[in-house]
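What follows is a single structure, written as structure tokens, with notes after it.
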Amino acid sequence: MKKMRQMLAILMAGTMVAGLATGCGNGKNDGTESGSKASSDTPLVIASQDMSEKFSEFFAASVPDQQVADMTAAYLLENDRAGELIMNGIDGETKEYNGTDYTYTGIADCNITENADGTVDYDFTLRDDVKFSDGEPLTADDVIFTYYVFCDPSYDGGASIGSLPIVGLDAYQSGSEVLYKYLLEKGADNTDFSVVTEDQQKQFFDTDLPKAGEEFAQSIVDYCLANLDASDAKNDIAFSMENYGYGATNDDGTFSSAYTGKTWTLEGDDVPTLADFWDDLCANPKYEGDILAMADAEKASTTLADCFDDSYKAAVQTGDSADHIEGIKKTGDYSVKITLSTVDATALAQLGKTPVQPMHYYGDASAYDYDNNQFGFTKGDLSSIREKTSTPMGAGPYKFVKYENKTVYLEANENYWRGEPKTKNIQFKTTSEADMVPGVVQGTVDISSPSLSKAALEQICSENSNGEENGDTLSLTKTDYNGYGYIGMNSKNVCVGGDNASEQSKDLRKAIATVLAVYRDVAIDSYYGDAASVINYPISNTSWAAPQKSDADYKVAFSTDVNGNPIYTDGMSEDEKYDAALQAALGYFEAAGYTVEDGKLTAAPEGAKLEYELMIGGGGNGDHPSFAVVTAASEALAKIGFKLDINDLADSSILWNATEAGTAEIWCAAWSATLDPDMYQVYDSNGGSAYMYEINSPELDQMVEDARTNTDQTYRKAVYKEALDFIVDFAVEIPVYQRQEATLYSTERVNMDSVTPDQTTYYTWLNEVQNLELN
């Protein structure tokens, strides 16, 4: 039975991707200094999603882990409620929000100078009274150490500081390659042993790579077993086999691999092993033998790098390399200067939101000698930093104590520069979504973050005697989520004649998008009620770059027909809008080259189809904000002879695997955002997520790059508006909703007067956690 269950999991192997914004997190901003001793040992218990014990600011890879790391850390610069960075943190800055003045302080000031030669200086000056939780002072040396870790050629965490145009960074990172990547790139038949020995190479390919491969395969098995819906296992297996290159199950219980051509059985002597699974993944022809690309696309919760010991994660010298980064300079015991070779609008957020980490804890103080280009660790070897990934330390409000039984235990930092937090003990306790509201009511947790929906809001109101969101049992704060929900299309898979940028291809996608868009209002209101709103541009409404309804050129997404005329008129009923959208879609289909007879599509142009698949992670039961949108649109399109085949997935990793592999056609998902609205990652041809839409337009690339190389916000907003219009016209993304996030408190146990007022997307109760008290 165990072998059978493992095989079921193997057949469901795929990719799990988390849309995170890593490396920054929320700073510990506040408007007041607490300056008081902890008054009680009673712990404040906070509900958390599953944690993976990567609590390091260097390597945290999930939101729950990042949240724990942030409790222990202090960032160079803080931000206010509007998301703007505080440049004068030492004396503080007073800013008005919602009619109230708030003063924000931080551990540093920052001054930016644009030089005549095009370079840009970022001068940081630190407070001289900040200590880490062990009592050691925080100085410029710790800042230098932190930047060098993030810029190390072997660094593989989520922060992107190492990609900034820092003067001398390329020279420092050149001539180095991570050992396991070097070996994989050279291959088992390599005969150049100037960097590695023949014995090292043999050991890697004969023993260590297969071992790591089996561990990698096991991580996929474990993930799939944890997410297997036994009640629908047969259908899941059949689909997974087809999706991942396995033939459908035969009557005799056998199945075959399209990768290796081998036939296996589900049980008996011929059940495939983890080694077989690894070999099969490596043989997948879509990766053309590139194991690194395969592992990145197929990973579940564990990366291939995680499966090697630290010696393989170190960098080896492959050529000439500088021994320091010219643009990172210590200018005093409490001051540092970072020089960029050119203007980069994203740089301040990345450099300023750097969590300053203690060199004496993560590195080696005896290995630090700034004047002799020694920075607290051996270049290319982050083993000492990695060793402490699960036990963080910093200058934040709390000290990490332990992780035990799916709970993180924190203790107030008596050395916190704002004063010791009022609540001595805090716990982050892993809690299921179903228990986020009941847990607060029953006292299992004191604070949670339930997903908001009409049903959740009704449940919360029912627990209060006044029938409202805030009452004698529960209190609720809501902020806009820094991200948005969307429906996406891969332009190369939904196009005409193989040209994704042609007007015909755009018309095809606009036909589909027009029908999807018209059902957004009713569907989102039904699912979220007041907890979400429909958006019309592919950007979070929380961003300063987001177009507003009051703007003269603001348009409802996909609300014009093929001739540019408005589809809808004032006073139309919902049914009249649906009919108008369907007629407009017919016009777009016809312009795309489809044959239309008697109001129905009868033939598709070359390269296009009458049927496309839409993937949605509704858990197999339609539990997704956009499910009502896509089902209504599918039914409407069927009336004109077009099939939108909805694939409601119990395992969302299948969707991410398909988008990364470039096989997905249409899908529903959500983007998360950062402080800066930079579009490079998603829309620029060289961005890390450009594979999602496959736009690959030099025109759009130029807009994105123009906006990120200018610091004038007015100019950037205008350029981003052009870029957003371009994306909507390309019709690869239908903006759907901007939802709200919730924080739910026990009114009975949490002193609500101590909770941060005027919370926003960028400034929540965690920003002033040192002030929070229990009743």
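Residues in the structure tokens are numbered from 1 in each chain, the chains being A, B, ... in the order shown, and ligands are numbered from 1 in the order shown.
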inquiry  = I'd like the neighbourhood of stretch 97-111 of chain A as a VMD selection string, where a residue qualifies if any of its atoms comes within 8 Å (using only C-alpha atoms), though same-chain residues fewer than 2 positions away should be ignored.
reply    = chain A and resid 29 to 32 74 to 82 86 to 95 113 121 to 127 130 758
Written file, previous selection with C-alpha atoms, as a PDB file, in the first residue's frame:
ATOM      1  CA  ASN A  29       7.840  51.405  11.957  1.00  0.00           C
ATOM      2  CA  ASP A  30       6.079  53.267  14.700  1.00  0.00           C
ATOM      3  CA  GLY A  31       5.117  56.704  15.782  1.00  0.00           C
ATOM      4  CA  THR A  32       5.867  56.272  19.486  1.00  0.00           C
ATOM      5  CA  ALA A  74      15.745  46.126  12.029  1.00  0.00           C
ATOM      6  CA  TYR A  75      15.785  47.684   8.552  1.00  0.00           C
ATOM      7  CA  LEU A  76      17.939  50.598   7.468  1.00  0.00           C
ATOM      8  CA  LEU A  77      14.903  52.649   6.440  1.00  0.00           C
ATOM      9  CA  GLU A  78      11.305  52.452   7.575  1.00  0.00           C
ATOM     10  CA  ASN A  79       8.195  53.435   5.631  1.00  0.00           C
ATOM     11  CA  ASP A  80       5.062  55.380   6.495  1.00  0.00           C
ATOM     12  CA  ARG A  81       1.416  54.463   6.087  1.00  0.00           C
ATOM     13  CA  ALA A  82       1.452  55.514   2.431  1.00  0.00           C
ATOM     14  CA  ILE A  86      11.486  57.640   5.821  1.00  0.00           C
ATOM     15  CA  MET A  87      14.741  59.310   4.813  1.00  0.00           C
ATOM     16  CA  ASN A  88      15.372  60.983   8.179  1.00  0.00           C
ATOM     17  CA  GLY A  89      14.809  58.195  10.630  1.00  0.00           C
ATOM     18  CA  ILE A  90      17.186  59.395  13.366  1.00  0.00           C
ATOM     19  CA  ASP A  91      15.276  62.592  14.183  1.00  0.00           C
ATOM     20  CA  GLY A  92      12.079  61.239  12.674  1.00  0.00           C
ATOM     21  CA  GLU A  93       9.560  62.615  10.200  1.00  0.00           C
ATOM     22  CA  THR A  94       5.994  63.701  10.930  1.00  0.00           C
ATOM     23  CA  LYS A  95       3.468  62.952   8.215  1.00  0.00           C
ATOM     24  CA  THR A 113      23.213  62.483  -4.643  1.00  0.00           C
ATOM     25  CA  ASP A 121      25.439  57.945  -4.177  1.00  0.00           C
ATOM     26  CA  TYR A 122      23.289  56.593  -1.340  1.00  0.00           C
ATOM     27  CA  ASP A 123      24.762  57.825   1.956  1.00  0.00           C
ATOM     28  CA  PHE A 124      23.400  56.036   5.034  1.00  0.00           C
ATOM     29  CA  THR A 125      24.079  57.384   8.530  1.00  0.00           C
ATOM     30  CA  LEU A 126      23.197  55.109  11.464  1.00  0.00           C
ATOM     31  CA  ARG A 127      22.031  55.853  14.973  1.00  0.00           C
ATOM     32  CA  VAL A 130      21.186  50.555  18.347  1.00  0.00           C
ATOM     33  CA  ASP A 758      -5.023  53.792  10.755  1.00  0.00           C
TER      34      ASP A 758
END
Excluding stretch 680-697 of chain A and residues on its chain fewer than 6 positions from it, collect all residues at most 6 Å away from it, counting only C-alpha atoms, and give them as a tab-separated table (two decimals) with N, CA and C atoms, in the first residue's frame.
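The resulting out_19.tsv:
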chain	number	residue	atom	x	y	z
A	490	ASN	N	-1.36	33.11	-22.19
A	490	ASN	CA	-0.05	33.04	-22.83
A	490	ASN	C	-0.25	33.44	-24.29
A	491	SER	N	0.33	34.56	-24.69
A	491	SER	CA	0.05	35.12	-26.01
A	491	SER	C	0.51	34.22	-27.15
A	659	THR	N	2.33	26.95	-16.52
A	659	THR	CA	2.73	28.30	-16.91
A	659	THR	C	4.24	28.38	-17.10
remark   = Of A:Asp480, A:Asp170, A:Asp142, A:Asp712, the one nearest to A:Ala673 when counting only C-alpha atoms is A:Asp480
key: Contacts of stretch 464-478 of chain A within 7 Å, only C-alpha atoms, excl. fewer than 6 positions in-chain, as JSON, numbers by chain   = {"A": [740, 741, 742, 743, 744, 745, 746, 747, 748]}
Keeping only N, CA and C atoms, write the selected residues to a file as a PDB file, in the first residue's frame.
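Below is the file selection.pdb, written as the result:
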ATOM      1  N   GLN A 740      -9.248  42.725  -0.003  1.00  0.00           N
ATOM      2  CA  GLN A 740      -8.759  43.243   1.261  1.00  0.00           C
ATOM      3  C   GLN A 740      -8.189  42.109   2.108  1.00  0.00           C
ATOM      4  N   GLU A 741      -7.219  42.448   2.934  1.00  0.00           N
ATOM      5  CA  GLU A 741      -6.690  41.514   3.916  1.00  0.00           C
ATOM      6  C   GLU A 741      -7.289  41.866   5.271  1.00  0.00           C
ATOM      7  N   ALA A 742      -7.436  40.845   6.107  1.00  0.00           N
ATOM      8  CA  ALA A 742      -8.051  41.058   7.406  1.00  0.00           C
ATOM      9  C   ALA A 742      -7.101  40.677   8.526  1.00  0.00           C
ATOM     10  N   THR A 743      -7.199  41.397   9.618  1.00  0.00           N
ATOM     11  CA  THR A 743      -6.581  40.970  10.867  1.00  0.00           C
ATOM     12  C   THR A 743      -7.698  40.908  11.898  1.00  0.00           C
ATOM     13  N   LEU A 744      -7.845  39.736  12.497  1.00  0.00           N
ATOM     14  CA  LEU A 744      -8.926  39.493  13.442  1.00  0.00           C
ATOM     15  C   LEU A 744      -8.344  39.367  14.854  1.00  0.00           C
ATOM     16  N   TYR A 745      -8.880  40.145  15.785  1.00  0.00           N
ATOM     17  CA  TYR A 745      -8.374  40.166  17.159  1.00  0.00           C
ATOM     18  C   TYR A 745      -9.451  39.666  18.114  1.00  0.00           C
ATOM     19  N   SER A 746      -8.999  39.058  19.180  1.00  0.00           N
ATOM     20  CA  SER A 746      -9.909  38.754  20.274  1.00  0.00           C
ATOM     21  C   SER A 746     -10.071  40.021  21.108  1.00  0.00           C
ATOM     22  N   THR A 747     -11.253  40.618  21.073  1.00  0.00           N
ATOM     23  CA  THR A 747     -11.508  41.831  21.847  1.00  0.00           C
ATOM     24  C   THR A 747     -11.376  41.557  23.340  1.00  0.00           C
ATOM     25  N   GLU A 748     -11.657  40.307  23.718  1.00  0.00           N
ATOM     26  CA  GLU A 748     -11.621  39.940  25.129  1.00  0.00           C
ATOM     27  C   GLU A 748     -10.191  39.823  25.664  1.00  0.00           C
TER      28      GLU A 748
END
Residue neighbourhood A:Thr42, 10 Å, only C-alpha atoms, exclusion window fewer than 3 positions, as a VMD selection string = chain A and resid 39 45 423 to 426 774
Pull C-alpha atoms from the residues just selected and write them as a PDB file, in the first residue's frame.
ATOM      1  CA  SER A  39       4.158  43.398  32.036  1.00  0.00           C
ATOM      2  CA  VAL A  45      -0.597  33.778  20.136  1.00  0.00           C
ATOM      3  CA  THR A 423       4.138  41.926  25.664  1.00  0.00           C
ATOM      4  CA  LYS A 424       6.963  39.681  26.764  1.00  0.00           C
ATOM      5  CA  ASN A 425       6.147  36.490  24.861  1.00  0.00           C
ATOM      6  CA  ILE A 426       4.765  35.959  21.380  1.00  0.00           C
ATOM      7  CA  LEU A 774      -3.008  41.928  26.350  1.00  0.00           C
TER       8      LEU A 774
END
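Between A:Leu44 and the residues A:Pro272, A:Gly443, A:Gly289, A:Pro392, the shortest atom-to-atom distance, using only C-alpha atoms, involves A:Gly443.
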